[in-house]
2 protein chains.
Amino acid sequence: MTLNGSRGILGAMALIVQKFGGTSVGTIERIQHVARWALDCQAKGDDIVLVVSAMSGETNRLVELATKINPIPYSREYDMLIASGEQVAVGLVSLAINTEAEKRGLLKPGEAPKAHPFLGYQIGILTDSVFSKARIQAIDTTRLRQQISRKVIPVIAGFQGVDPENNITTLGRGGSDTSAVAIAAALQADDCEIYTDVDGVYTTDPRLCSSARKINRISYEEMMELASLGAKVLQIRSVELAAKYRLPLHVRSSFNSMEGTRVVSLENKVGSKMEQVLVAGVAADPGQVKFTLQNLPEGAGVAAKIFSSLSASAIVVDVIVQDMSSTGRLTISFTVGKSDFLNAKRVLEKLKATDPEFDGMKIIEEENLAKVSIVGVGMQHHPGVASQMFTLLADARIMIKLITTSEIKVSCLIDGEMIRQAVECLHHGFQLDELN
Amino acid sequence: MTLNGSRGILGAMALIVQKFGGTSVGTIERIQHVARWALDCQAKGDDIVLVVSAMSGETNRLVELATKINPIPYSREYDMLIASGEQVAVGLVSLAINTEAEKRGLLKPGEAPKAHPFLGYQIGILTDSVFSKARIQAIDTTRLRQQISRKVIPVIAGFQGVDPENNITTLGRGGSDTSAVAIAAALQADDCEIYTDVDGVYTTDPRLCSSARKINRISYEEMMELASLGAKVLQIRSVELAAKYRLPLHVRSSFNSMEGTRVVSLENKVGSKMEQVLVAGVAADPGQVKFTLQNLPEGAGVAAKIFSSLSASAIVVDVIVQDMSSTGRLTISFTVGKSDFLNAKRVLEKLKATDPEFDGMKIIEEENLAKVSIVGVGMQHHPGVASQMFTLLADARIMIKLITTSEIKVSCLIDGEMIRQAVECLHHGFQLDELN
């Protein structure tokens, strides 16, 4: 047997990156399950690399500690603090694998271990310095390849990296998915498996719509739209990255061994009958806040100043609408996710306090909004899809507050209390519950 | 004002390293207290460097998680796991200082922070690779000096470092004291303050003897003996290191602003009347286990093999007694601390299983022993002190199982159940409760 044999071809060994989310390592029992699973997969001949999240609940516990001290914690401290959650998980998973290996007789006392824990900085996961939303810039695979060639399973902390000044950075909620994909891409892995507490990607959120159905194959593009629209199963940047490297993703449950959802490139999706529908899924995101800024001076630089201040604080602005009132003053509206709300408010208030141009600005917030969206690669060639969506919502007496579209999605901002009815009527209206 | 002005001279600014133990950062309120304290000290004109332990209870929580997976966890994983406790504390303390500084108007939004969190690897705390009992080999002070010169308070994770392969190592329980002293020595600090939940070093454990009394000044040598004999207030290696660099230590409470115990060099102790006693303190260590190895072959290499195996596992052996039985077989007895018990047992059993020479060895364990000791630099010139100790114990009907002595201490191994009576009779017998 050679370690340099061709990978991924039927019968030959493959290199598989497996990412386990918080609920998949949420208890000692789940951690021991992950250990057995990884060793079982290795026993079939594949090389395994693990990426793990913090035990479920841990990140929230840490955030709570920080916000008791400061409701808007300084980001350098915040990232160092919450990165400790993954450190704990990595230590425990690696420990569990070595313990299980010893139990199976694969690891004798005194021998080199079968698993090796790694934090972000230990394998040079280099990021930029945007704390809490850092982006990976490089990964040094030397130590990983060394371990893999010795049949050791590297157990890597997801969600974290280091910036050029050696500060710990984190990649944003769900960032472990991006860690896994980036590592898989850097290692040129054959497959990247995302283990979670659901069976795969659904046509919509099953908690909002009982007839939601698992999708077997979905394109990167559709998955990206679904992820960006609030389908929590994958962080959007991880899908972007996977698409860029044409890395196949497999979203599946760590609670059973069923096939999950394969996220693949468009050409690989073709031929699968069930996917030739116009709409692949309905996404719903309840956590939307709308800011309306009134009484702004007219001028080319105004919008630029606002949105560059927001983006400097790494706040993701979604929908933007600009309007001129009859008095010649400008009004700008935009939405942000709930998690960016306080931060965005602070930025706007600082702008008002420090820049004379914004002296008379009035800031109005509208919380409790939801965004519902339909996504599907088919719709780009079928112009009637958007109007069908508006009709379905109107028939259900749901008011549309704002509309945005892309080539493969249409989104509507609605009252947060109507989210369930909206999802239900769209899911049914586009026949998503009829497919098997 | 110049930052390079002479330090430590009356009226000039001093560089002070302050170490806060687990109970001193055990709650958000305690952490906020530490933040206020550090900023108050800085406001008096001194440069402050903080070293912090994990929040009390946190290390035990992490150890419990690990031992659920494996009663004797692999050390690389174990160290990575428990080092996360200090990471959390450092993040929170630094956050609290910056938040308090903002409240005091010392830190305006957008300005450089007043505190900077540092993990072991981030300031190059290089150790050897003996996991869980690593020793510091070097500290790179470049980043620390940079921060200090900018009047930023570095907040450093105690207890942890990195080995040459970038693995996280820990320094053993109480290792944060050693971190603090090593950092103070590297920075040539004027003072190293050890903040804890007691008022200072006591003549004996107040929980064992109600007339225990705080010591105002104690020599490094006495403190070392007390620490090595179970006085938990300072890790012994920290005192060794402080003595080596003639660094003054100040053990004090974080719950009040009272003067604590100054640990100083012998020449600085002289002149203080109350310290001219023969015995400075009584130490008690309940967690002792005695191993007796019977039926060993005679031979020069036998003891060497046993103790080098133990030391290779970083087990600290205390008292050793060797005896020859009438049948010509060798018997060796030795004691270890309770925390090393399981590990020592494993080493001995491995030796018996793998080395034919130890085939017939019988391993007998005696748990539940205690060691009581008297310590004092005065006793080296007063030969009657040891016999006075034996008389006091005999009068109290306490059997002595084993005796060891050094120049400034005498230790007796006794039945663990007699520990309270032993401490009481020695403390009273040497008039330690009479001093003010």
# chains A, B, ... in the order shown; residues from 1 in each chain; ligands from 1
>>> interface_residues(of="chain A", to="chain B", cutoff="7 Å", atoms="only C-alpha atoms", output="PyMOL selection string")
chain A and resi 28+66+69-70+73-74+77-78+80-81+84+87-88+91-92+94-96+99+117+122+166
>>> select_by_dssp(residues="range 279-431 of chain A", states="strand (DSSP E)", output="PyMOL selection string")
chain A and resi 281-296+317-324+330-337+362-375+402-406+409-415
>>> closest_atom_pairs(of="range 347-393 of chain A", to="range 198-214 of chain A", cutoff="10 Å", atoms="only C-alpha atoms", output="Markdown table")
| residue | atom | partner | partner_atom | distance |
| --- | --- | --- | --- | --- |
| A:Ser373 | CA | A:Thr204 | CA | 9.9 |
| A:Ile374 | CA | A:Thr204 | CA | 9.5 |
| A:Val375 | CA | A:Thr203 | CA | 9.6 |
>>> write_last_selection(atoms="C-alpha atoms", output="short mmCIF file (atom, residue, chain, number, x, y, z; two decimals), in the first residue's frame")
data_model
loop_
_atom_site.label_atom_id
_atom_site.label_comp_id
_atom_site.auth_asym_id
_atom_site.auth_seq_id
_atom_site.Cartn_x
_atom_site.Cartn_y
_atom_site.Cartn_z
CA SER A 373 -37.28 34.01 -0.07
CA ILE A 374 -37.64 31.49 -2.85
CA VAL A 375 -34.50 30.05 -4.43
#
>>> residues_around(residues="Thr391 in chain B", least_positions_apart="6", cutoff="12 Å", atoms="only C-alpha atoms", output="list in words")
Gly384, Val385, Arg397, Ile398, Met399, Ile400, Ala422, Cys425, Leu426, Gly429 and Phe430 of chain B
>>> write_last_selection(atoms="N, CA and C atoms", output="PDB file, in the first residue's frame")
ATOM      1  N   GLY B 384      18.421  21.033  69.062  1.00  0.00           N
ATOM      2  CA  GLY B 384      17.376  20.376  69.838  1.00  0.00           C
ATOM      3  C   GLY B 384      15.997  20.395  69.219  1.00  0.00           C
ATOM      4  N   VAL B 385      15.837  21.064  68.091  1.00  0.00           N
ATOM      5  CA  VAL B 385      14.490  21.276  67.552  1.00  0.00           C
ATOM      6  C   VAL B 385      13.817  19.971  67.108  1.00  0.00           C
ATOM      7  N   ARG B 397       0.631  11.133  71.707  1.00  0.00           N
ATOM      8  CA  ARG B 397       0.354   9.735  71.325  1.00  0.00           C
ATOM      9  C   ARG B 397       0.167   9.573  69.804  1.00  0.00           C
ATOM     10  N   ILE B 398       0.985  10.302  69.049  1.00  0.00           N
ATOM     11  CA  ILE B 398       0.927  10.178  67.586  1.00  0.00           C
ATOM     12  C   ILE B 398       2.156   9.392  67.121  1.00  0.00           C
ATOM     13  N   MET B 399       1.922   8.290  66.410  1.00  0.00           N
ATOM     14  CA  MET B 399       3.029   7.451  65.983  1.00  0.00           C
ATOM     15  C   MET B 399       3.708   8.033  64.746  1.00  0.00           C
ATOM     16  N   ILE B 400       5.022   8.042  64.751  1.00  0.00           N
ATOM     17  CA  ILE B 400       5.778   8.538  63.605  1.00  0.00           C
ATOM     18  C   ILE B 400       6.157   7.343  62.725  1.00  0.00           C
ATOM     19  N   ALA B 422      -1.779  16.563  65.419  1.00  0.00           N
ATOM     20  CA  ALA B 422      -0.346  16.774  65.243  1.00  0.00           C
ATOM     21  C   ALA B 422      -0.033  18.250  65.031  1.00  0.00           C
ATOM     22  N   CYS B 425      -0.583  20.293  68.290  1.00  0.00           N
ATOM     23  CA  CYS B 425       0.406  20.140  69.356  1.00  0.00           C
ATOM     24  C   CYS B 425       1.753  20.764  68.959  1.00  0.00           C
ATOM     25  N   LEU B 426       2.084  20.730  67.671  1.00  0.00           N
ATOM     26  CA  LEU B 426       3.350  21.341  67.235  1.00  0.00           C
ATOM     27  C   LEU B 426       3.240  22.871  67.245  1.00  0.00           C
ATOM     28  N   GLY B 429       3.263  23.792  70.818  1.00  0.00           N
ATOM     29  CA  GLY B 429       4.531  23.415  71.445  1.00  0.00           C
ATOM     30  C   GLY B 429       5.681  24.340  71.050  1.00  0.00           C
ATOM     31  N   PHE B 430       5.660  24.840  69.843  1.00  0.00           N
ATOM     32  CA  PHE B 430       6.725  25.759  69.406  1.00  0.00           C
ATOM     33  C   PHE B 430       6.311  27.232  69.567  1.00  0.00           C
TER      34      PHE B 430
END
>>> atom_distance(atom1="CA of Ile363 in chain A", atom2="CA of Leu293 in chain A")
4.8 Å
>>> atom_distance(atom1="CA of Asn216 in chain A", atom2="CA of Ser253 in chain A")
13.3 Å
>>> select_by_dssp(residues="range 131-188 of chain B", states="alpha helix (DSSP H)", output="list in words")
Thr142, Arg143, Leu144, Arg145, Gln146, Gln147, Ile148, Ser149, Gly175, Ser176, Asp177, Thr178, Ser179, Ala180, Val181, Ala182, Ile183, Ala184, Ala185 and Ala186 of chain B
>>> write_last_selection(atoms="N, CA and C atoms", output="mmCIF file, in the first residue's frame")
data_model
loop_
_atom_site.group_PDB
_atom_site.id
_atom_site.type_symbol
_atom_site.label_atom_id
_atom_site.label_comp_id
_atom_site.auth_asym_id
_atom_site.auth_seq_id
_atom_site.Cartn_x
_atom_site.Cartn_y
_atom_site.Cartn_z
ATOM 1 N N THR B 142 9.436 41.203 24.342
ATOM 2 C CA THR B 142 9.303 42.308 23.378
ATOM 3 C C THR B 142 7.889 42.906 23.361
ATOM 4 N N ARG B 143 6.891 42.023 23.159
ATOM 5 C CA ARG B 143 5.521 42.539 23.051
ATOM 6 C C ARG B 143 5.049 43.127 24.374
ATOM 7 N N LEU B 144 5.462 42.521 25.492
ATOM 8 C CA LEU B 144 5.058 43.039 26.795
ATOM 9 C C LEU B 144 5.621 44.447 27.016
ATOM 10 N N ARG B 145 6.923 44.603 26.740
ATOM 11 C CA ARG B 145 7.555 45.921 26.946
ATOM 12 C C ARG B 145 6.914 46.983 26.064
ATOM 13 N N GLN B 146 6.572 46.575 24.842
ATOM 14 C CA GLN B 146 5.880 47.484 23.927
ATOM 15 C C GLN B 146 4.589 48.000 24.557
ATOM 16 N N GLN B 147 3.791 47.055 25.089
ATOM 17 C CA GLN B 147 2.508 47.442 25.682
ATOM 18 C C GLN B 147 2.730 48.303 26.920
ATOM 19 N N ILE B 148 3.674 47.907 27.766
ATOM 20 C CA ILE B 148 3.927 48.649 29.009
ATOM 21 C C ILE B 148 4.332 50.087 28.687
ATOM 22 N N SER B 149 5.181 50.232 27.671
ATOM 23 C CA SER B 149 5.657 51.579 27.342
ATOM 24 C C SER B 149 4.518 52.459 26.832
ATOM 25 N N GLY B 175 0.454 26.605 38.916
ATOM 26 C CA GLY B 175 1.503 27.064 38.018
ATOM 27 C C GLY B 175 1.430 28.537 37.654
ATOM 28 N N SER B 176 0.266 29.153 37.866
ATOM 29 C CA SER B 176 0.151 30.582 37.567
ATOM 30 C C SER B 176 1.093 31.410 38.436
ATOM 31 N N ASP B 177 1.364 30.940 39.659
ATOM 32 C CA ASP B 177 2.346 31.635 40.507
ATOM 33 C C ASP B 177 3.696 31.662 39.805
ATOM 34 N N THR B 178 4.068 30.507 39.277
ATOM 35 C CA THR B 178 5.349 30.418 38.586
ATOM 36 C C THR B 178 5.357 31.302 37.339
ATOM 37 N N SER B 179 4.248 31.309 36.600
ATOM 38 C CA SER B 179 4.149 32.202 35.445
ATOM 39 C C SER B 179 4.413 33.636 35.877
ATOM 40 N N ALA B 180 3.754 34.052 36.960
ATOM 41 C CA ALA B 180 3.864 35.441 37.416
ATOM 42 C C ALA B 180 5.304 35.778 37.779
ATOM 43 N N VAL B 181 5.941 34.878 38.529
ATOM 44 C CA VAL B 181 7.313 35.144 38.960
ATOM 45 C C VAL B 181 8.256 35.156 37.753
ATOM 46 N N ALA B 182 8.060 34.214 36.842
ATOM 47 C CA ALA B 182 8.934 34.154 35.665
ATOM 48 C C ALA B 182 8.785 35.423 34.816
ATOM 49 N N ILE B 183 7.559 35.885 34.665
ATOM 50 C CA ILE B 183 7.325 37.103 33.889
ATOM 51 C C ILE B 183 7.926 38.311 34.614
ATOM 52 N N ALA B 184 7.739 38.363 35.943
ATOM 53 C CA ALA B 184 8.299 39.466 36.733
ATOM 54 C C ALA B 184 9.822 39.470 36.624
ATOM 55 N N ALA B 185 10.418 38.275 36.682
ATOM 56 C CA ALA B 185 11.878 38.182 36.583
ATOM 57 C C ALA B 185 12.335 38.634 35.201
ATOM 58 N N ALA B 186 11.638 38.165 34.168
ATOM 59 C CA ALA B 186 12.033 38.517 32.805
ATOM 60 C C ALA B 186 11.910 40.020 32.567
#
>>> closest_residue(among="A:Val279, A:Val377, A:Leu342, A:Val162", to="His427 in chain A", atoms="only C-alpha atoms")
A:Val279
>>> residues_around(residues="Lys371 in chain B", least_positions_apart="6", cutoff="9 Å", atoms="only C-alpha atoms", output="list in words")
Leu229, Gly230, Ala283, Ala284, Asp285, Pro286, Gly287, Gln288, Ser411, Cys412, Leu413, Ile414, Asp415, Gly416 and Ile419 of chain B
>>> write_last_selection(atoms="C-alpha atoms", output="PDB file, in the first residue's frame")
ATOM      1  CA  LEU B 229       5.277  20.634  52.427  1.00  0.00           C
ATOM      2  CA  GLY B 230       1.758  21.398  51.465  1.00  0.00           C
ATOM      3  CA  ALA B 283       3.071  22.508  57.365  1.00  0.00           C
ATOM      4  CA  ALA B 284       0.625  19.683  56.905  1.00  0.00           C
ATOM      5  CA  ASP B 285      -0.002  17.631  53.791  1.00  0.00           C
ATOM      6  CA  PRO B 286      -2.822  15.117  54.056  1.00  0.00           C
ATOM      7  CA  GLY B 287      -2.566  13.647  50.580  1.00  0.00           C
ATOM      8  CA  GLN B 288       0.265  11.152  50.967  1.00  0.00           C
ATOM      9  CA  SER B 411       9.047  16.121  58.474  1.00  0.00           C
ATOM     10  CA  CYS B 412       7.212  13.171  59.982  1.00  0.00           C
ATOM     11  CA  LEU B 413       4.858  10.814  58.172  1.00  0.00           C
ATOM     12  CA  ILE B 414       1.854   9.972  60.369  1.00  0.00           C
ATOM     13  CA  ASP B 415      -1.594   8.429  60.134  1.00  0.00           C
ATOM     14  CA  GLY B 416      -3.832  10.766  58.130  1.00  0.00           C
ATOM     15  CA  ILE B 419      -3.223  15.356  61.236  1.00  0.00           C
TER      16      ILE B 419
END
>>> residues_around(residues="Met223 in chain A", least_positions_apart="2", cutoff="9 Å", atoms="only C-alpha atoms", output="NGL selection string")
:A and (201 or 218-221 or 225-228 or 231 or 234 or 236 or 239 or 263 or 375)
>>> write_last_selection(atoms="C-alpha atoms", output="mmCIF file, in the first residue's frame")
data_model
loop_
_atom_site.group_PDB
_atom_site.id
_atom_site.type_symbol
_atom_site.label_atom_id
_atom_site.label_comp_id
_atom_site.auth_asym_id
_atom_site.auth_seq_id
_atom_site.Cartn_x
_atom_site.Cartn_y
_atom_site.Cartn_z
ATOM 1 C CA VAL A 201 -30.802 20.546 3.665
ATOM 2 C CA ILE A 218 -28.516 20.923 -4.600
ATOM 3 C CA SER A 219 -26.207 23.230 -6.548
ATOM 4 C CA TYR A 220 -23.664 25.470 -4.851
ATOM 5 C CA GLU A 221 -25.533 28.476 -6.195
ATOM 6 C CA GLU A 225 -28.781 31.664 -1.683
ATOM 7 C CA LEU A 226 -30.467 29.443 0.877
ATOM 8 C CA ALA A 227 -27.586 29.895 3.320
ATOM 9 C CA SER A 228 -27.491 33.644 2.861
ATOM 10 C CA ALA A 231 -31.043 28.386 6.249
ATOM 11 C CA LEU A 234 -24.311 25.863 6.426
ATOM 12 C CA ILE A 236 -22.668 30.889 3.369
ATOM 13 C CA VAL A 239 -20.488 27.227 0.309
ATOM 14 C CA VAL A 263 -23.985 20.114 -2.490
ATOM 15 C CA VAL A 375 -34.500 30.053 -4.434
#
>>> residues_around(residues="Val264 in chain B", least_positions_apart="5", cutoff="8 Å", atoms="only C-alpha atoms", output="list in words")
Arg217, Ile218, Ser219, Tyr220, Ala243, Arg246, Leu247, Pro248, Leu249 and Lys269 of chain B
>>> write_last_selection(atoms="N, CA and C atoms", output="PDB file, in the first residue's frame")
ATOM      1  N   ARG B 217       6.762  38.628  57.530  1.00  0.00           N
ATOM      2  CA  ARG B 217       7.899  38.478  56.630  1.00  0.00           C
ATOM      3  C   ARG B 217       8.423  37.065  56.775  1.00  0.00           C
ATOM      4  N   ILE B 218       8.785  36.468  55.665  1.00  0.00           N
ATOM      5  CA  ILE B 218       9.312  35.102  55.698  1.00  0.00           C
ATOM      6  C   ILE B 218      10.410  35.030  54.641  1.00  0.00           C
ATOM      7  N   SER B 219      11.404  34.189  54.874  1.00  0.00           N
ATOM      8  CA  SER B 219      12.489  34.085  53.899  1.00  0.00           C
ATOM      9  C   SER B 219      12.079  33.151  52.755  1.00  0.00           C
ATOM     10  N   TYR B 220      12.719  33.317  51.606  1.00  0.00           N
ATOM     11  CA  TYR B 220      12.473  32.407  50.481  1.00  0.00           C
ATOM     12  C   TYR B 220      12.627  30.954  50.912  1.00  0.00           C
ATOM     13  N   ALA B 243      13.468  33.365  44.507  1.00  0.00           N
ATOM     14  CA  ALA B 243      14.719  33.390  45.275  1.00  0.00           C
ATOM     15  C   ALA B 243      15.902  33.559  44.337  1.00  0.00           C
ATOM     16  N   ARG B 246      16.061  36.977  43.303  1.00  0.00           N
ATOM     17  CA  ARG B 246      15.925  37.937  44.412  1.00  0.00           C
ATOM     18  C   ARG B 246      14.736  38.876  44.185  1.00  0.00           C
ATOM     19  N   LEU B 247      13.658  38.289  43.661  1.00  0.00           N
ATOM     20  CA  LEU B 247      12.456  39.063  43.361  1.00  0.00           C
ATOM     21  C   LEU B 247      11.546  39.063  44.582  1.00  0.00           C
ATOM     22  N   PRO B 248      11.216  40.228  45.137  1.00  0.00           N
ATOM     23  CA  PRO B 248      10.341  40.233  46.308  1.00  0.00           C
ATOM     24  C   PRO B 248       8.911  39.827  45.952  1.00  0.00           C
ATOM     25  N   LEU B 249       8.372  38.906  46.754  1.00  0.00           N
ATOM     26  CA  LEU B 249       6.985  38.484  46.562  1.00  0.00           C
ATOM     27  C   LEU B 249       6.134  39.095  47.667  1.00  0.00           C
ATOM     28  N   LYS B 269      15.216  39.756  56.123  1.00  0.00           N
ATOM     29  CA  LYS B 269      14.317  39.312  57.189  1.00  0.00           C
ATOM     30  C   LYS B 269      14.880  39.674  58.547  1.00  0.00           C
TER      31      LYS B 269
END
>>> residues_around(residues="range 45-61 of chain B", least_positions_apart="5", cutoff="6 Å", atoms="only C-alpha atoms", output="ChimeraX atom specification")
/B:13-23,25-26,82,85-86,89,153-158,176,180
>>> atom_distance(atom1="CA of Ala43 in chain B", atom2="CA of Leu107 in chain B")
13.6 Å
>>> decode(residues="range 160-195 of chain A", atoms="C-alpha atoms", output="PDB file, in the first residue's frame")
ATOM      1  CA  GLN A 160     -10.716  30.178  14.743  1.00  0.00           C
ATOM      2  CA  GLY A 161      -7.504  31.421  13.256  1.00  0.00           C
ATOM      3  CA  VAL A 162      -4.751  33.935  13.964  1.00  0.00           C
ATOM      4  CA  ASP A 163      -4.142  37.297  12.375  1.00  0.00           C
ATOM      5  CA  PRO A 164      -0.679  38.477  11.309  1.00  0.00           C
ATOM      6  CA  GLU A 165      -0.110  39.885  14.839  1.00  0.00           C
ATOM      7  CA  ASN A 166      -0.851  36.525  16.416  1.00  0.00           C
ATOM      8  CA  ASN A 167      -4.198  37.624  17.833  1.00  0.00           C
ATOM      9  CA  ILE A 168      -6.835  34.907  17.934  1.00  0.00           C
ATOM     10  CA  THR A 169      -9.622  35.650  15.468  1.00  0.00           C
ATOM     11  CA  THR A 170     -12.941  33.934  14.899  1.00  0.00           C
ATOM     12  CA  LEU A 171     -14.853  33.501  11.661  1.00  0.00           C
ATOM     13  CA  GLY A 172     -18.386  34.374  12.762  1.00  0.00           C
ATOM     14  CA  ARG A 173     -21.191  32.084  13.836  1.00  0.00           C
ATOM     15  CA  GLY A 174     -21.119  28.885  11.859  1.00  0.00           C
ATOM     16  CA  GLY A 175     -17.523  29.602  10.931  1.00  0.00           C
ATOM     17  CA  SER A 176     -16.483  26.019  11.579  1.00  0.00           C
ATOM     18  CA  ASP A 177     -18.114  25.099   8.264  1.00  0.00           C
ATOM     19  CA  THR A 178     -15.804  27.552   6.547  1.00  0.00           C
ATOM     20  CA  SER A 179     -12.822  26.182   8.473  1.00  0.00           C
ATOM     21  CA  ALA A 180     -13.695  22.670   7.292  1.00  0.00           C
ATOM     22  CA  VAL A 181     -14.088  23.684   3.652  1.00  0.00           C
ATOM     23  CA  ALA A 182     -10.909  25.790   3.688  1.00  0.00           C
ATOM     24  CA  ILE A 183      -8.939  22.913   5.198  1.00  0.00           C
ATOM     25  CA  ALA A 184     -10.460  20.431   2.732  1.00  0.00           C
ATOM     26  CA  ALA A 185      -9.590  22.743  -0.151  1.00  0.00           C
ATOM     27  CA  ALA A 186      -6.038  23.274   1.110  1.00  0.00           C
ATOM     28  CA  LEU A 187      -5.560  19.511   1.463  1.00  0.00           C
ATOM     29  CA  GLN A 188      -7.305  18.843  -1.870  1.00  0.00           C
ATOM     30  CA  ALA A 189      -9.624  16.467  -0.047  1.00  0.00           C
ATOM     31  CA  ASP A 190     -12.012  14.240  -1.961  1.00  0.00           C
ATOM     32  CA  ASP A 191     -15.001  15.028   0.178  1.00  0.00           C
ATOM     33  CA  CYS A 192     -16.044  17.393   2.923  1.00  0.00           C
ATOM     34  CA  GLU A 193     -18.733  16.016   5.209  1.00  0.00           C
ATOM     35  CA  ILE A 194     -20.664  18.454   7.390  1.00  0.00           C
ATOM     36  CA  TYR A 195     -22.186  16.540  10.306  1.00  0.00           C
TER      37      TYR A 195
END
